[in-house]
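Inspection log for the structure reproduced underneath, given as structure tokens.
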Amino acid sequence: MFRPGRLVSWSVALSALLVGVVIASAALGPVRIDPLTVSRAILNLAGVGVHEVPATHQTIVADVRLPRILLAATVGFALAAAGTVMQGFFRNPLADPSIIGVSSGAAVGAVAAIAFPALVPIGSVHLPAFVGALVTAFLVYAIATEGGRTPVATLLLAGVAIQAFLGAVISFMVVHSGENLREAVIWMMGHLHRSSWGDVGFALPVTLVGVLVLGAYTREMNVLLLGEEDAQHLGVSVERTKLLLLALASLVTAAGVAVAGVIGFVGLVVPHMMRLIVGPDHRILLPTSALAGASFLVIADTVARVGAFGLPIVPVGIVTATVGAPFFLYLLTSREVHAL
Amino acid sequence: MSDDARSLAATDGARVELEDVAVSLGDTDVLEAVSLSVEPGEFVGLVGPNGAGKTTLLRAMSGSLEPDRGVVDVDGAPLCERSSKAASRLVAVVPQNTRLSFSFDVRTVVEMGRYPHRSRFSPPGEGDRTAVDRALERTRTAQFADRPIDEVSGGERQRVVLARAIAQQTPVLLLDEPTASLDVNHQVETLELVRELVAEGRTAVAAIHDLNLAARYCDRLVVLSEGGVLESGPPEAVLNRDVLDAAFDANAVVTESPVTGTPTVTALRATNAETTVPDRIHVVGGGSTAASVVAELAAADCVCTVGPVASGDAAAELARGQGFETITVEPFAPLSADDRTAVREALEAADVTVVADLEVGAGNQLLLEELAGRESLVVLEDRPFAERNHAGERARALYERCRGRGVVASPTEVLEAVAEAAARPEPSRTELEADDD
């Protein structure tokens, strides 16, 4: 049974965890800064009082580390929320935020901009990636829709086909990207270096608005888990709700992927993990997954950034995959995964 | 005002009316021109063979399927013109299969029935909570309300889905095979509950496979066959051999259940078209063997006479139900002179006489004497005669004489045996006399 109190306590706990993780992450790096100073620097930045912080530390926290950390939190938040929605929507535990090709579309846009700057003279990679992602999602939806109905199975297969096709396009561009090859590959691995406040300013509002609206549709997500016909008997306008869920989940994913590239496993593993802990009710699953996803990606990116455990500094996508895949296998084998 | 009274008010008067509804799925016309109206407070059972369109008709009534032609009116306006929320405040559905293979707890699933009554941002109110509690109680699912739905049994799950529909508090309830996965006890419990809901003023339509349950609980049965309404009316009027034959292609007899007093359908094996059975047959014997013999003969279009048989015997009840002439006697009493005459007349009028696993007591020694002189006898045996004989050696000798003359068979072969007896040439006088020694 859904108890609002349970949602509140979980949200508070996970938010506190996120704040702790953010501060700890900002404290780590080539220059160690103690957490108290980090907190002060953050309060200074937020304009909450004036605290005494050494100027270099203020700069490192506010201008170098925090944008990257907040971007990681935003992207993790977005991907975990979108993954939760997609897994429920497709009633398939292997669904991830990019199941209808959003990441592939973003990659086409981004790689085109990186590999052929002359052809795509925008200067930014975000915009072509974002547009590529949304165009692909729309295309898959349009292909799978017939006579006003969009069967979930068709959608899934159309997504697979489009992704395969876009994969070929991306490979072609990568092969011919010449001196931009390395950058294109790093983009596709998922990366958060070179993050700026501008990136945060782009991704955070889209993500927050998208997830908030999704949050208003958690009851529909629950009812849709019963199957579309049952959902319709219970008064859900099925096709309209499906379109809305798909559009918002894709939008949120596109925002994340556009700024951070293809970061895998966050959207797949985090919702699973949270489903095991809080249960399948989307009213509590969606917000807790999003918050947990934010913390997860901040931790993963800290490992990637700091080079913890003696590892070299790598793109964050490599960390999420190395941590996420074994964890996923652990879930599958060691505990009864609550089937969708 | 109590909550019950309020839910009663909410369930007042919704008439369901289908006019000339046609539905085709792919290239198949599943329903053709179905017109049907269901009144408030009426429980209608949809019966018919597999593939007759029962589920499709229910889906059209619930708005899941838009008919290709015709209108489905609920409460005075076409269902398709209402918003999905408004429609689901009018019609609740208990589907045949619900995907519930994830770990929502039972109460959460039942709460989903409140979806059409709640606005997006309001928390569940007192009314929602009472509706859910009440639905859990009425379906006896309250005791496992906190268990995950994927850990309860199939039958319990079916009741949870019914609870969800009850929590929806709609004037119209549609049920697709609500008893299909339930045990005997829960079948009855479930349909009793539906009856209760109907008594409160709801309109209920259920596809029910089990004709006996349908006859027992529904006010009216609608027999669907090949996409149309074949027959519609009270169970006693609708369930008869002709309708069952036309709809199900079934060879069945309808009797009145001695327990519930409602029609009971017993399907028999299909008659072999090759076997030609004489028109008039007299059956002697009692109990279930004789009853099943009478039923099979009736299904094969024979006119039977039965007797002597104890009044109240299964065979006597069945024969009377089929309108057959029956000679009833007091149990264990010797055959009276009048009865003996009646039996003799019946035997003479019959083309074939069937002796069905006859139990012989002192009282019907006379009967055996009558039988022993007959031609065209069929002697059906289930148990050895020694177990059925309570009248000593003389009765055994008479019975053996019957066996010697007649066709001896097991009760399941009655039709073949009767045909064989009818086809036998009449024994000559000398043979009979030789037999007499």
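For the structure tokens, the naming scheme is as follows: chains receive sequential letters (A, B, ...) according to their order of presentation, residues are indexed from 1 within each chain, and ligands are indexed from 1 in presentation order.
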Just the strand (DSSP E) stuff from stretch 293-424 of chain B, please, per backbone DSSP, written as JSON, numbers by chain.
{"B": [303, 304, 305, 306, 307, 308, 309, 310, 325, 326, 327, 328, 329, 352, 353, 354, 355, 356, 377, 378, 379, 380, 407, 408, 409]}
At a cut-off of 9 Å, which residues of chain A touch chain B? Count only C-alpha atoms and give the answer as an NGL selection string.
:A and (1-2 or 216-217 or 219-220 or 222-223 or 225-227 or 229-230 or 232-238 or 279-281 or 338-340)
Measure the distance from atom CA of A:Gly76 to atom CA of A:Ile100 in Å and round it to one decimal.
18.7 Å
Proximity to A:Leu244 - best of A:Val85, A:Met189, A:Ala16, A:Ala24, only C-alpha atoms:
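Of A:Val85, A:Met189, A:Ala16, A:Ala24, the one nearest A:Leu244 is A:Val85, counting only C-alpha atoms.
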Find the spatial neighbours of B:Val329, counting only C-alpha atoms, within a cut-off of 8 Å - ignore same-chain residues fewer than 5 positions away - and output them as number ranges by chain.
B: 308-311, 335, 339
